[in-house]
Each structure stands twice: as structure tokens, then as C-alpha cells.
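Chemist: So that you have it, the file is coords29.cif, and it contains mmCIF, C-alpha atoms and all ligand atoms:
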data_protein
#
loop_
_atom_site.label_atom_id
_atom_site.label_comp_id
_atom_site.auth_asym_id
_atom_site.auth_seq_id
_atom_site.Cartn_x
_atom_site.Cartn_y
_atom_site.Cartn_z
CA MET A 1 183.61 144.56 102.49
CA LYS A 2 186.61 145.37 104.64
CA ASN A 3 187.36 148.87 105.79
CA VAL A 4 190.36 150.13 103.86
CA ILE A 5 192.53 152.81 105.54
CA VAL A 6 192.92 155.66 103.09
CA VAL A 7 195.97 157.94 103.12
CA ALA A 8 195.20 160.91 100.87
CA ILE A 9 198.15 162.95 99.60
CA ASP A 10 197.78 166.04 97.43
CA GLY A 11 200.33 168.48 96.19
CA PRO A 12 201.75 170.38 93.23
CA ALA A 13 204.07 169.01 90.55
CA GLY A 14 207.59 168.32 91.76
CA SER A 15 206.62 168.06 95.43
CA GLY A 16 207.79 164.44 95.39
CA LYS A 17 204.24 163.15 95.83
CA SER A 18 204.48 160.11 93.57
CA SER A 19 207.77 158.67 94.77
CA VAL A 20 207.05 159.48 98.42
CA SER A 21 203.56 157.96 98.20
CA ARG A 22 204.87 154.81 96.61
CA ALA A 23 207.65 154.36 99.17
CA THR A 24 205.18 155.00 102.00
CA ALA A 25 202.84 152.32 100.62
CA ARG A 26 205.73 149.88 100.38
CA GLU A 27 206.81 150.54 103.95
CA LEU A 28 203.30 150.11 105.34
CA HIS A 29 202.39 147.17 103.05
CA TYR A 30 199.59 149.24 101.58
CA ASN A 31 198.48 149.67 98.00
CA TYR A 32 199.25 152.83 96.04
CA LEU A 33 197.09 154.73 93.56
CA ASP A 34 198.64 157.32 91.25
CA THR A 35 195.60 159.30 90.09
CA GLY A 36 197.66 161.60 87.87
CA ALA A 37 198.50 158.54 85.77
CA ALA A 38 194.82 158.11 84.92
CA TYR A 39 194.54 161.70 83.63
CA ARG A 40 197.80 161.23 81.76
CA ALA A 41 196.55 157.97 80.21
CA LEU A 42 193.42 159.71 78.95
CA ALA A 43 195.54 162.52 77.49
CA TRP A 44 197.80 159.90 75.86
CA ARG A 45 194.77 158.18 74.37
CA CYS A 46 193.46 161.47 72.93
CA LEU A 47 196.82 162.05 71.23
CA ALA A 48 196.94 158.46 69.94
CA ASP A 49 193.45 158.73 68.46
CA GLY A 50 193.85 162.25 67.09
CA ILE A 51 191.25 163.64 69.51
CA ASP A 52 191.66 167.35 70.22
CA ALA A 53 192.30 167.57 73.97
CA HIS A 54 190.85 171.08 73.93
CA GLY A 55 187.56 169.92 72.40
CA PRO A 56 185.53 168.71 75.37
CA THR A 57 182.81 166.92 73.37
CA ALA A 58 185.18 164.47 71.69
CA VAL A 59 187.12 163.89 74.92
CA ILE A 60 183.90 163.19 76.83
CA GLN A 61 182.77 160.81 74.07
CA SER A 62 186.08 158.95 74.31
CA LEU A 63 185.38 158.12 77.98
CA LEU A 64 182.79 155.59 76.81
CA THR A 65 185.52 153.38 75.43
CA PHE A 66 188.35 154.32 77.80
CA ASP A 67 189.74 151.01 79.00
CA LEU A 68 192.30 151.82 81.68
CA SER A 69 194.24 149.53 84.01
CA ILE A 70 196.58 150.79 86.70
CA GLY A 71 198.67 148.60 88.98
CA ILE A 72 198.14 149.47 92.64
CA ASP A 73 200.82 147.21 94.09
CA PRO A 74 203.76 149.57 94.77
CA ASP A 75 206.10 146.82 93.59
CA ASP A 76 204.19 146.19 90.38
CA TYR A 77 203.27 149.57 88.98
CA PHE A 78 201.98 149.74 85.40
CA VAL A 79 199.53 151.73 83.32
CA ARG A 80 197.72 150.22 80.36
CA VAL A 81 195.18 151.60 77.91
CA GLY A 82 193.41 148.65 76.31
CA SER A 83 196.26 146.22 75.70
CA VAL A 84 198.93 148.93 75.24
CA ALA A 85 201.45 149.46 78.06
CA VAL A 86 201.81 153.24 78.44
CA THR A 87 203.66 153.39 81.77
CA ASP A 88 206.57 155.38 80.36
CA ASP A 89 204.84 157.05 77.42
CA ILE A 90 202.43 158.97 79.67
CA ARG A 91 205.41 160.89 81.15
CA GLU A 92 206.43 162.30 77.77
CA PRO A 93 206.34 166.10 77.45
CA ARG A 94 203.73 165.90 74.65
CA VAL A 95 201.35 164.21 77.11
CA THR A 96 202.27 166.54 79.97
CA SER A 97 201.48 169.52 77.77
CA VAL A 98 197.84 168.49 77.14
CA VAL A 99 196.94 166.74 80.39
CA SER A 100 195.67 169.88 82.14
CA ALA A 101 193.23 170.58 79.28
CA VAL A 102 191.78 167.10 79.64
CA ALA A 103 191.70 167.26 83.45
CA ARG A 104 189.78 170.53 83.39
CA ILE A 105 186.66 168.95 81.84
CA PRO A 106 184.04 168.40 84.59
CA GLU A 107 182.73 165.17 82.99
CA VAL A 108 186.28 163.80 82.92
CA ARG A 109 186.75 164.63 86.60
CA ALA A 110 183.44 163.00 87.55
CA PHE A 111 184.42 159.86 85.63
CA MET A 112 187.83 159.73 87.31
CA VAL A 113 186.50 160.34 90.84
CA GLU A 114 184.11 157.39 90.42
CA LEU A 115 186.90 155.24 89.05
CA PHE A 116 189.26 156.09 91.93
CA ARG A 117 186.58 155.39 94.54
CA ARG A 118 185.93 151.99 92.94
CA VAL A 119 189.65 151.18 93.05
CA ILE A 120 189.85 152.25 96.73
CA ARG A 121 186.83 150.12 97.66
CA GLY A 122 188.26 147.11 95.85
CA SER A 123 191.73 147.38 97.41
CA GLU A 124 192.58 144.17 99.19
CA LYS A 125 195.33 145.37 101.54
CA ASP A 126 194.73 147.07 104.92
CA GLY A 127 195.30 150.48 103.41
CA ILE A 128 195.91 152.46 100.26
CA VAL A 129 197.93 155.63 99.64
CA VAL A 130 196.13 157.75 97.05
CA GLU A 131 197.95 160.72 95.58
CA GLY A 132 196.87 163.56 93.33
CA ARG A 133 195.41 167.05 93.44
CA ASP A 134 191.89 166.59 94.80
CA ILE A 135 192.17 163.47 96.93
CA THR A 136 191.98 165.18 100.34
CA THR A 137 189.04 167.33 99.21
CA ILE A 138 186.95 165.50 96.59
CA VAL A 139 187.96 161.88 96.08
CA ALA A 140 188.41 160.87 99.73
CA PRO A 141 187.55 163.76 102.07
CA ASP A 142 186.85 161.19 104.82
CA ALA A 143 190.30 159.60 104.56
CA GLU A 144 191.90 158.63 107.90
CA VAL A 145 195.02 160.61 107.00
CA ARG A 146 195.04 163.68 104.74
CA ILE A 147 198.27 165.38 103.79
CA LEU A 148 199.22 168.29 101.56
CA LEU A 149 202.80 167.73 100.47
CA THR A 150 204.42 171.00 99.49
CA ALA A 151 207.89 172.35 98.76
CA SER A 152 209.17 175.75 97.75
CA GLU A 153 208.84 176.54 94.05
CA GLU A 154 212.63 176.49 93.77
CA ALA A 155 212.92 173.01 95.28
CA ARG A 156 210.14 171.65 93.09
CA MET A 157 211.71 172.99 89.91
CA ALA A 158 215.10 171.56 90.86
CA ARG A 159 213.60 168.13 91.56
CA ARG A 160 211.65 168.06 88.31
CA SER A 161 214.73 169.10 86.32
CA ALA A 162 216.69 166.27 87.92
CA GLU A 163 213.96 163.85 86.80
CA LEU A 164 214.13 165.06 83.21
CA PRO A 165 217.81 164.97 82.30
CA GLY A 166 218.60 166.68 79.05
CA ALA A 167 215.70 169.12 79.25
CA SER A 168 216.63 172.72 79.86
CA ALA A 169 216.07 173.66 83.50
CA GLU A 170 214.53 176.94 82.46
CA LYS A 171 212.06 175.33 80.08
CA THR A 172 211.12 172.71 82.68
CA ALA A 173 210.52 175.45 85.25
CA ARG A 174 208.38 177.46 82.84
CA GLU A 175 206.26 174.44 81.90
CA LEU A 176 205.85 173.37 85.50
CA SER A 177 204.61 176.72 86.70
CA SER A 178 202.26 177.11 83.75
CA ARG A 179 200.77 173.64 84.44
CA ASP A 180 200.40 174.44 88.16
CA ALA A 181 198.66 177.68 87.25
CA GLN A 182 196.23 175.90 84.92
CA ASP A 183 195.59 173.06 87.38
CA SER A 184 195.06 175.31 90.39
CA ARG A 185 192.23 177.06 88.58
CA VAL A 186 190.34 173.77 88.76
CA VAL A 187 191.31 172.46 92.23
CA ASP A 188 193.14 174.28 94.99
CA PHE A 189 196.08 172.05 95.91
CA MET A 190 198.31 174.90 97.09
CA ASN A 191 196.41 175.51 100.33
CA ALA A 192 195.43 172.83 102.79
CA ALA A 193 191.69 172.34 103.30
CA GLU A 194 190.39 172.15 106.86
CA GLY A 195 191.78 169.17 108.73
CA VAL A 196 194.51 168.53 106.14
CA ILE A 197 198.08 168.44 107.46
CA THR A 198 200.66 170.41 105.49
CA LEU A 199 204.03 168.71 105.15
CA ASP A 200 206.69 171.00 103.71
CA SER A 201 209.48 168.92 102.19
CA THR A 202 211.70 171.83 101.09
CA GLU A 203 214.36 171.06 103.69
CA LEU A 204 213.82 167.30 103.76
CA ASP A 205 215.48 164.69 101.59
CA PHE A 206 213.52 161.78 100.14
CA GLY A 207 214.05 159.39 103.06
CA GLN A 208 213.15 162.05 105.63
CA THR A 209 209.96 162.89 103.77
CA VAL A 210 208.87 159.24 103.62
CA LYS A 211 209.63 158.91 107.33
CA ALA A 212 207.53 161.97 108.11
CA VAL A 213 204.57 160.66 106.08
CA VAL A 214 204.81 157.18 107.62
CA SER A 215 204.83 158.72 111.07
CA LEU A 216 201.77 160.86 110.26
CA VAL A 217 199.99 157.70 109.10
CA ARG A 218 200.95 155.80 112.26
CA THR A 219 199.70 158.64 114.45
CA GLY A 220 196.56 159.15 112.38
CA THR A 221 195.54 155.51 112.46
CA GLN A 222 196.06 154.87 116.19
CA HIS A 223 192.64 154.64 117.73
O1 LIG A 301 203.55 164.21 88.94
P1 LIG A 301 203.05 165.47 88.30
O2 LIG A 301 202.71 166.48 89.32
O3 LIG A 301 203.85 165.94 87.17
O4 LIG A 301 201.66 165.20 87.64
P2 LIG A 301 200.65 164.02 87.86
O5 LIG A 301 200.37 163.77 89.30
O6 LIG A 301 201.10 162.88 87.02
O7 LIG A 301 199.31 164.66 87.24
C1 LIG A 301 199.23 165.01 85.87
C2 LIG A 301 198.07 165.96 85.68
O8 LIG A 301 196.85 165.29 85.97
C3 LIG A 301 198.06 167.20 86.55
O9 LIG A 301 198.83 168.23 85.97
C4 LIG A 301 196.57 167.54 86.60
O10 LIG A 301 196.19 168.26 85.45
C5 LIG A 301 195.90 166.19 86.53
N1 LIG A 301 195.45 165.65 87.82
C6 LIG A 301 194.26 166.10 88.34
O11 LIG A 301 193.64 166.98 87.76
N2 LIG A 301 193.75 165.55 89.49
C7 LIG A 301 194.41 164.58 90.13
N3 LIG A 301 193.88 164.03 91.23
C8 LIG A 301 195.65 164.13 89.63
C9 LIG A 301 196.16 164.70 88.49
#
Mind converting the file's structure to C-alpha cells?
Modeler:
Amino acid sequence: MKNVIVVAIDGPAGSGKSSVSRATARELHYNYLDTGAAYRALAWRCLADGIDAHGPTAVIQSLLTFDLSIGIDPDDYFVRVGSVAVTDDIREPRVTSVVSAVARIPEVRAFMVELFRRVIRGSEKDGIVVEGRDITTIVAPDAEVRILLTASEEARMARRSAELPGASAEKTARELSSRDAQDSRVVDFMNAAEGVITLDSTELDFGQTVKAVVSLVRTGTQH
């Protein structure tokens, strides 16, 4: 099996992780894995099947028949549960509001970590950019490049509000900080683990952030 270069990127909501990771993968001709989409897809499935996301036993049981496919080509991104395309539906506020409850269940996390590692191993390009909350620490602690992408709370709220037109900025901010608070009880993605490079994008625009990540990858993979 060929040795895939792994670029691990963690960070809080609104840090620009997903779009920056995808653009970086495109630029480097790497694959791209959005791990948050997998947690969101499971949360979506619980809602679709009437499973209480706060009842761990039923959620754990549902993993046995959780048939997920995620596109890892940055130019062909999709998320499917069984034969249902859920790419857009998993971003809906009703999914966002239960995803942390699902992601907190240790059995769910163990299932996802295994799944992500399988996807990484099976990736056919030279490298893969993997983004989430626990990639630098749990999923791929041996990754060639490990980055914590941060931004001030203010910048993150503003970016998320711009992504959700129509929603009240105040409500978006409240929901974002409550989700970060719930998520950071499970994994610490606010502080860089040893050996992880912190990239603060507060003062950078999108293009500058991608450039900075690409340059970290180029430096980190020169042997
Ligand atoms: O993009 P955004 O920050 O809104 O969220 P996301 O990356 O789509 O992740 C959605 C949720 O999945 C997070 O709020 C976490 O609860 C969970 N998640 C996780 O626990 N571990 C990961 N590696 C990725 C996401």
C-alpha cells in the first residue's frame, strides 16, 4: 500500500476549516476528508429515523446499519446515507443542533475514528487533507503536517453569519458558542497539542489562509 501524506487540520466552528481544507487539497492535488460531515450524517439519520440523539443506546445500535458514503475528491464532494443524498440537508440547523449530542458518545467516536483511518489508508492520491476536531490528536497523530486553524471568536461568528444568510447574527453566535462549549468538553480543539502548528486566520482572508496552509504543507513534507 502506498504511503499517503496526511495533512491534519483541526479547529472550532467558523474557523474556515472546511473551505480552506478543500481549497488546499485542490491546489496540492490531494484528496479531502470532511469528518464533521460524517457526524452530521449520523445526526441526520437519527432525526430521519426518529432516534433520540440524546439516547446513546439507540444511537449506538443505529451504527450497525449506518451506510455512509463521502466523496473525498475536492471537486466531487457529496455525502450519502444509504441511497439518499444528504450533502445539503446535513447543514440544516436542526441537524447542527443535535450533532454534538451524537458526537459525544464514545462508541460513535470509536466507530468514526476507524472509518476515517480506513478512508485515509484507501486514498489513492499522494496525500489527503483531513479536517475536524480530533484529527491532529486522535485520528492521525502521526500526520506529516498538523495544524490548528483558529480565529478570534468575533471573526468566526461573522464568517458563520455570512454563510447562513437570513439567520439572525445574534442567534447564530449564540448557537455557535454553545456548540463549541459542548464539543470542547469532549476534545480540546482550542489549544494546540504538542507539535501542532497554530495558524490564526483572524487577520487573513480566504486566499491568504489557503496560501499559508499550502506553504506549511510544502515545508512539512520536504525531506
Ligand atoms: O463546520 P462546523 O464547525 O460547523 O462543524 P463540522 O466540522 O461540520 O462538525 C459538526 C460537528 O461534528 C461538530 O460540532 C462536532 O460535534 C462533531 N465533530 C467531531 O466531534 N469530531 C470531528 N472530528 C469532526 C466533527
Chemist: Give the padded box for ligand LIG 301 (chain A) as AutoDock Vina command-line options: axis-aligned, covering all atoms listed in the file, 8 Å on each side, centre and edge lengths in Å to one decimal.
Modeler:
--center_x 198.7 --center_y 165.6 --center_z 88.3 --size_x 26.2 --size_y 21.4 --size_z 21.8
Chemist: Each residue of range 91-153 of chain A with at least one atom at most 12 Å from range 74-84 of chain A should appear once, together with its nearest atom pair and the corresponding distance in Å (one decimal); atoms considered: all atoms listed in the file; ordering: chain, then increasing residue number; output as CSV.
Modeler:
residue,atom,partner,partner_atom,distance
A:Arg91,CA,A:Val79,CA,11.1
A:Lys125,CA,A:Pro74,CA,11.6
A:Ile128,CA,A:Pro74,CA,10.0
A:Val129,CA,A:Pro74,CA,9.7
A:Val130,CA,A:Pro74,CA,11.4
Chemist: Around the point (210.1, 163.0, 97.1), in the coordinates given by the file, pick out the residues reaching within 9 Å, counting all atoms listed in the file, and return them as a CSV table (one decimal) with C-alpha atoms, keeping the file's coordinate frame.
Modeler:
chain,number,residue,atom,x,y,z
A,14,GLY,CA,207.6,168.3,91.8
A,15,SER,CA,206.6,168.1,95.4
A,16,GLY,CA,207.8,164.4,95.4
A,17,LYS,CA,204.2,163.2,95.8
A,18,SER,CA,204.5,160.1,93.6
A,19,SER,CA,207.8,158.7,94.8
A,20,VAL,CA,207.0,159.5,98.4
A,21,SER,CA,203.6,158.0,98.2
A,159,ARG,CA,213.6,168.1,91.6
A,201,SER,CA,209.5,168.9,102.2
A,204,LEU,CA,213.8,167.3,103.8
A,205,ASP,CA,215.5,164.7,101.6
A,206,PHE,CA,213.5,161.8,100.1
A,207,GLY,CA,214.0,159.4,103.1
A,209,THR,CA,210.0,162.9,103.8
A,210,VAL,CA,208.9,159.2,103.6
Chemist: Residues within 10 Å of Thr198 in chain A, please, as a list in words. Count all atoms listed in the file; anything in the same chain fewer than 6 positions from it doesn't count.
Modeler: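 Contacts, with the query itself left out: Ile9, Asp10, Gly11, Arg146, Ile147, Leu148, Leu149, Thr150, Met190, Asn191 and Ala192 of chain A.
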Chemist: Interatomic distance between atom O8 of ligand LIG 301 (chain A) and CA of Met157 in chain A?
Modeler: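 Result for atom O8 of ligand LIG 301 (chain A) versus CA of Met157 in chain A: 17.2 Å, one decimal.
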Chemist: What do you get as a VMD selection string if you pick all residues at most 6 Å from ligand LIG 301 (chain A), counting only C-alpha atoms and all ligand atoms?
Modeler: chain A and resid 12 to 14 35 to 37 39 to 40 99 to 100 103 132 to 135 179 183
Chemist: With a distance cut-off of 9 Å and all atoms listed in the file, select the neighbouring residues of Ser177 in chain A, excluding the residue or stretch itself and same-chain residues fewer than 3 positions from it, and output the selection as a ChimeraX atom specification.
Modeler: /A:13,153,157,172-174,180-182
Chemist: With a distance cut-off of 9 Å and all atoms listed in the file, select the neighbouring residues of range 114-123 of chain A, excluding the residue or stretch itself and same-chain residues fewer than 6 positions from it, and output the selection as a PDB file with C-alpha atoms, in the frame of the given file.
Modeler:
ATOM      1  CA  MET A   1     183.610 144.560 102.490  1.00  0.00           C
ATOM      2  CA  LYS A   2     186.610 145.370 104.640  1.00  0.00           C
ATOM      3  CA  ASN A   3     187.360 148.870 105.790  1.00  0.00           C
ATOM      4  CA  VAL A   4     190.360 150.130 103.860  1.00  0.00           C
ATOM      5  CA  VAL A   6     192.920 155.660 103.090  1.00  0.00           C
ATOM      6  CA  ASN A  31     198.480 149.670  98.000  1.00  0.00           C
ATOM      7  CA  LEU A  33     197.090 154.730  93.560  1.00  0.00           C
ATOM      8  CA  THR A  35     195.600 159.300  90.090  1.00  0.00           C
ATOM      9  CA  ILE A  72     198.140 149.470  92.640  1.00  0.00           C
ATOM     10  CA  VAL A 130     196.130 157.750  97.050  1.00  0.00           C
ATOM     11  CA  VAL A 139     187.960 161.880  96.080  1.00  0.00           C
ATOM     12  CA  ALA A 140     188.410 160.870  99.730  1.00  0.00           C
TER      13      ALA A 140
END
Chemist: Expressed in Å to a single decimal, how great is the separation between CA of Tyr32 in chain A and CA of Thr137 in chain A?
Modeler: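 Atom-to-atom, CA of Tyr32 in chain A and CA of Thr137 in chain A are spaced 18.0 Å apart.
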Chemist: Using only C-alpha atoms, which protein or nucleic acid residues come within 10 Å of Arg218 in chain A? Drop anything in the same chain fewer than 6 positions from it, and give the result as a list of chain:residue names.
Modeler: A:Leu28, A:Val145, A:Ala212
Chemist: Of the candidates A:Ala38, A:Val95, A:Ala155, A:Ala143, which one gets nearest to Val108 in chain A if we count all atoms listed in the file?
Modeler: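 That would be A:Ala38, the residue with the smallest distance to Val108 in chain A.
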Chemist: Quick one: distance from CA of Ala167 in chain A to CA of Arg94 in chain A in Å, one decimal?
Modeler: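 The value is 13.2 Å.
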Chemist: Can you tell me which residues surround Leu47 in chain A at a distance of at most 12 Å, considering all atoms listed in the file, apart from same-chain residues fewer than 4 positions away, and format the answer as a list in words?
Modeler: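 Using all atoms listed in the file, the neighbours found are Arg40, Ala41, Leu42, Ala43, Ile51, Asp52, Ala53, His54, Ala58, Val59, Ser62, Asp89, Ile90, Glu92, Arg94, Val95, Thr96, Ser97, Val98, Val99 and Val102 of chain A.
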Chemist: Identify which of the residues A:Val86, A:Ala193, A:Val187, A:Ala158 lies closest to Ile105 in chain A, counting all atoms listed in the file when measuring atom-to-atom distances.
Modeler: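 Between A:Val86, A:Ala193, A:Val187, A:Ala158, the residue approaching Ile105 in chain A most closely is A:Val187.
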Chemist: Would you mind telling me which residue in A:Asp34, A:Arg156, A:Ser69, A:Lys211 lies nearest to Leu176 in chain A when using only C-alpha atoms?
Modeler: A:Arg156
Chemist: Go through A:Val186, A:Thr57, A:Pro93, A:Gly50 and flag the residue nearest Arg109 in chain A, using all atoms listed in the file for the distances.
Modeler: A:Val186
Chemist: Of the candidates A:Ile70, A:Ala151, A:Arg160, A:Glu107, which shows the shortest atom-to-atom distance to Glu203 in chain A, using all atoms listed in the file?
Modeler: A:Ala151
